[in-house]
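Enquirer: Please find protein-v4.tsv (TSV, C-alpha atoms) on the next line:
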```tsv
chain	number	residue	atom	x	y	z
A	1003	MET	CA	-15.55	39.34	29.56
A	1004	SER	CA	-17.69	36.49	28.20
A	1005	GLY	CA	-16.08	33.74	30.25
A	1006	ALA	CA	-14.98	31.92	27.10
A	1007	PRO	CA	-11.29	31.15	26.85
A	1008	GLU	CA	-9.33	33.41	24.52
A	1009	ARG	CA	-7.75	31.83	21.49
A	1010	ALA	CA	-4.02	31.50	21.87
A	1011	ALA	CA	-2.17	33.76	19.45
A	1012	ASP	CA	0.02	30.88	18.32
A	1013	ALA	CA	-2.76	28.33	17.83
A	1014	PRO	CA	-2.83	27.12	14.23
A	1015	GLY	CA	-5.79	27.34	11.91
A	1016	ILE	CA	-6.94	24.12	10.27
A	1017	ASP	CA	-4.84	24.61	7.13
A	1018	GLU	CA	-1.68	25.08	9.19
A	1019	LEU	CA	-2.59	22.14	11.41
A	1020	LEU	CA	-3.03	19.88	8.36
A	1021	GLU	CA	0.32	21.01	7.01
A	1022	ARG	CA	1.99	20.25	10.34
A	1023	VAL	CA	0.52	16.77	10.82
A	1024	ARG	CA	1.24	15.77	7.23
A	1025	THR	CA	4.96	16.39	7.75
A	1026	GLY	CA	4.97	13.51	10.23
A	1027	TYR	CA	4.33	10.79	7.65
A	1028	GLU	CA	4.30	10.10	3.91
A	1029	ARG	CA	0.86	10.22	2.32
A	1030	ILE	CA	-0.10	7.76	-0.42
A	1031	GLU	CA	-1.75	8.26	-3.81
A	1032	PRO	CA	-4.71	6.10	-4.92
A	1033	ALA	CA	-2.91	3.75	-7.37
A	1034	PRO	CA	-0.09	2.77	-4.97
A	1035	ALA	CA	-2.64	2.37	-2.14
A	1036	HIS	CA	-4.71	0.05	-4.33
A	1037	GLN	CA	-1.63	-2.00	-5.18
A	1038	ALA	CA	-0.49	-2.18	-1.54
A	1039	ALA	CA	-3.93	-3.42	-0.50
A	1040	ARG	CA	-4.00	-5.99	-3.33
A	1041	ASP	CA	-0.56	-7.24	-2.29
A	1042	GLY	CA	-1.67	-7.59	1.34
A	1043	GLU	CA	0.76	-4.86	2.42
A	1044	ALA	CA	-1.81	-2.32	3.61
A	1045	LEU	CA	-5.20	-2.21	5.27
A	1046	LEU	CA	-7.54	0.32	3.70
A	1047	VAL	CA	-9.81	1.92	6.31
A	1048	ASP	CA	-12.79	3.98	5.16
A	1049	ILE	CA	-13.83	6.50	7.83
A	1050	ARG	CA	-16.54	8.24	5.80
A	1051	TYR	CA	-19.95	8.43	7.39
A	1052	ALA	CA	-22.74	6.17	6.16
A	1053	ALA	CA	-24.52	8.80	4.02
A	1054	LEU	CA	-21.39	9.30	1.91
A	1055	ARG	CA	-20.84	5.56	1.53
A	1056	ASP	CA	-24.49	5.15	0.54
A	1057	ARG	CA	-24.26	8.00	-1.95
A	1058	ASP	CA	-20.89	7.25	-3.55
A	1059	GLY	CA	-20.20	3.58	-2.89
A	1060	THR	CA	-17.38	1.79	-1.13
A	1061	ILE	CA	-13.94	0.44	-1.92
A	1062	PRO	CA	-13.89	-3.35	-2.23
A	1063	GLY	CA	-11.96	-4.88	0.65
A	1064	ALA	CA	-11.77	-1.67	2.67
A	1065	LEU	CA	-12.60	-1.93	6.32
A	1066	VAL	CA	-15.36	0.51	7.29
A	1067	VAL	CA	-14.72	2.15	10.65
A	1068	GLU	CA	-16.60	5.33	11.51
A	1069	ARG	CA	-14.21	8.13	12.47
A	1070	ASN	CA	-15.45	8.32	16.06
A	1071	GLU	CA	-14.47	4.65	16.60
A	1072	LEU	CA	-11.16	4.57	14.72
A	1073	GLU	CA	-8.70	4.66	17.62
A	1074	TRP	CA	-10.68	2.14	19.66
A	1075	ARG	CA	-10.92	-0.29	16.76
A	1076	LEU	CA	-7.31	-0.08	15.55
A	1077	ASP	CA	-5.37	0.13	18.81
A	1078	PRO	CA	-3.58	-3.24	18.95
A	1079	ARG	CA	-3.69	-3.12	22.76
A	1080	GLY	CA	-7.29	-1.95	23.00
A	1081	SER	CA	-10.08	-4.04	24.42
A	1082	HIS	CA	-12.38	-2.99	21.55
A	1083	ARG	CA	-9.92	-3.64	18.73
A	1084	LEU	CA	-10.90	-5.34	15.50
A	1085	PRO	CA	-9.21	-8.63	14.50
A	1086	GLU	CA	-7.38	-6.70	11.76
A	1087	ALA	CA	-5.57	-4.60	14.42
A	1088	THR	CA	-2.71	-7.06	14.59
A	1089	GLY	CA	0.13	-4.85	15.78
A	1090	HIS	CA	1.83	-1.48	15.73
A	1091	ASP	CA	3.60	-2.32	12.45
A	1092	LEU	CA	0.29	-2.55	10.59
A	1093	ARG	CA	0.24	-0.30	7.53
A	1094	VAL	CA	-3.09	1.49	7.67
A	1095	VAL	CA	-4.31	3.77	4.87
A	1096	VAL	CA	-7.08	5.98	6.21
A	1097	ILE	CA	-9.62	7.16	3.64
A	1098	CYS	CA	-12.09	9.99	4.09
A	1099	ASN	CA	-14.08	11.76	1.41
A	1100	GLU	CA	-11.49	14.23	0.11
A	1101	GLY	CA	-8.30	13.64	2.12
A	1102	TYR	CA	-8.59	16.13	4.97
A	1103	ALA	CA	-10.16	14.37	7.96
A	1104	SER	CA	-8.06	11.32	7.14
A	1105	SER	CA	-4.86	13.31	7.71
A	1106	LEU	CA	-5.92	14.15	11.26
A	1107	ALA	CA	-7.01	10.54	11.79
A	1108	ALA	CA	-3.67	9.17	10.57
A	1109	GLU	CA	-1.83	11.50	12.93
A	1110	SER	CA	-3.98	10.25	15.79
A	1111	LEU	CA	-3.08	6.66	14.92
A	1112	HIS	CA	0.59	7.65	15.02
A	1113	ARG	CA	0.08	8.83	18.59
A	1114	LEU	CA	-1.23	5.33	19.38
A	1115	GLY	CA	2.01	3.86	18.04
A	1116	LEU	CA	0.76	2.84	14.59
A	1117	HIS	CA	3.87	4.36	13.01
A	1118	ARG	CA	3.06	3.19	9.46
A	1119	ALA	CA	-0.39	4.81	9.36
A	1120	THR	CA	-0.99	7.16	6.48
A	1121	ASP	CA	-3.87	8.62	4.53
A	1122	LEU	CA	-5.05	8.68	0.95
A	1123	VAL	CA	-4.26	11.87	-0.96
A	1124	GLY	CA	-7.59	13.21	-2.24
A	1125	GLY	CA	-9.59	10.62	-0.33
A	1126	PHE	CA	-12.36	8.51	-1.82
A	1127	GLN	CA	-13.07	11.10	-4.49
A	1128	ALA	CA	-9.51	10.77	-5.85
A	1129	TRP	CA	-9.79	6.97	-5.70
A	1130	ARG	CA	-12.94	7.06	-7.80
A	1131	ALA	CA	-11.53	9.68	-10.19
A	1132	ALA	CA	-8.51	7.40	-10.77
A	1133	GLY	CA	-10.90	4.73	-12.04
A	1134	LEU	CA	-10.13	2.32	-9.20
A	1135	PRO	CA	-12.74	-0.25	-8.10
A	1136	VAL	CA	-15.85	1.02	-6.33
A	1137	LEU	CA	-18.88	-0.96	-5.22
A	1138	ALA	CA	-22.17	0.84	-5.76
```
Would you kindly transcribe this structure into structure tokens?

Expert:
Amino acid sequence: MSGAPERAADAPGIDELLERVRTGYERIEPAPAHQAARDGEALLVDIRYAALRDRDGTIPGALVVERNELEWRLDPRGSHRLPEATGHDLRVVVICNEGYASSLAAESLHRLGLHRATDLVGGFQAWRAAGLPVLA
């Protein structure tokens, strides 16, 4: 025996886990996310790491919060929250590169009580492919 814990037979793989967490909220496509942000109805939060932002650009008006700081910065009760973390009713649209890590991040925000948190289907790449604004 190696001393490492055995994997539970019922533990999901990442694809199953993504499917499970995505059933807990409604994801949003790029065009409606853009409109919601323009109307002041949603806060776009880019969790991509700096190298991807440097390579591909950023979304105008999106708040950049590295993934490892997301919960601390958006928890309305947290001592390290950002001014934009105004309450649990805040509609947050989490954006990663292709729409995978953002699903797990949105689910984590739900556990903090941010019940309107969602993520962008296809991530930044889908945003850019839709011809929506990007700053180089």

Enquirer: Name the residues within 8 Å of (-4.1, 8.4, 7.8), counting only C-alpha atoms in the file's coordinates, and put them as a PDB file with C-alpha atoms, keeping the file's coordinate frame.

Expert:
```pdb
ATOM      1  CA  ARG A1029       0.860  10.220   2.320  1.00  0.00           C
ATOM      2  CA  VAL A1094      -3.090   1.490   7.670  1.00  0.00           C
ATOM      3  CA  VAL A1095      -4.310   3.770   4.870  1.00  0.00           C
ATOM      4  CA  VAL A1096      -7.080   5.980   6.210  1.00  0.00           C
ATOM      5  CA  ILE A1097      -9.620   7.160   3.640  1.00  0.00           C
ATOM      6  CA  SER A1104      -8.060  11.320   7.140  1.00  0.00           C
ATOM      7  CA  SER A1105      -4.860  13.310   7.710  1.00  0.00           C
ATOM      8  CA  LEU A1106      -5.920  14.150  11.260  1.00  0.00           C
ATOM      9  CA  ALA A1107      -7.010  10.540  11.790  1.00  0.00           C
ATOM     10  CA  ALA A1108      -3.670   9.170  10.570  1.00  0.00           C
ATOM     11  CA  GLU A1109      -1.830  11.500  12.930  1.00  0.00           C
ATOM     12  CA  LEU A1111      -3.080   6.660  14.920  1.00  0.00           C
ATOM     13  CA  ALA A1119      -0.390   4.810   9.360  1.00  0.00           C
ATOM     14  CA  THR A1120      -0.990   7.160   6.480  1.00  0.00           C
ATOM     15  CA  ASP A1121      -3.870   8.620   4.530  1.00  0.00           C
ATOM     16  CA  LEU A1122      -5.050   8.680   0.950  1.00  0.00           C
TER      17      LEU A1122
END
```

Enquirer: CA of Ile1049 (chain A) and CA of Ala1103 (chain A), how far apart in Å?

Expert: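 We find that CA of Ala1103 (chain A) and CA of Ile1049 (chain A) lie 8.7 Å from each other.
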
Enquirer: Using only C-alpha atoms, determine which residues lie at most 12 Å from Ala1052 (chain A), disregarding the query and same-chain residues fewer than 4 positions distant; provide the list as a list in words.

Expert: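 The filter keeps Asp1048, Asp1056, Arg1057, Asp1058, Gly1059, Thr1060, Val1066, Val1067, Glu1068, Arg1069, Cys1098 and Asn1099 of chain A.
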
Enquirer: Find, counting only C-alpha atoms, the residue in A:Pro1014, A:Pro1062, A:Gly1101, A:Gly1089 that gets nearest to Glu1031 (chain A).

Expert: A:Gly1101

Enquirer: May I ask which of the residues A:Glu1071, A:Ile1061, A:Gln1127, A:Glu1028 is the closest one to Leu1084 (chain A), counting only C-alpha atoms?

Expert: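 For Leu1084 (chain A), the nearest of the candidates is A:Glu1071.
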
Enquirer: If you measure from CA of Thr1025 (chain A) to CA of Gly1133 (chain A), what distance in Å do you get, rounded to one decimal?

Expert: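 Answer for the CA of Thr1025 (chain A) to CA of Gly1133 (chain A) separation: 27.9 Å.
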
Enquirer: Using only C-alpha atoms for the distances, tell me which of A:Ala1010, A:Leu1116, A:Tyr1051, A:Gly1063 is nearest to Leu1076 (chain A).

Expert: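 Residue with the minimum atom-to-atom distance to Leu1076 (chain A): A:Leu1116.
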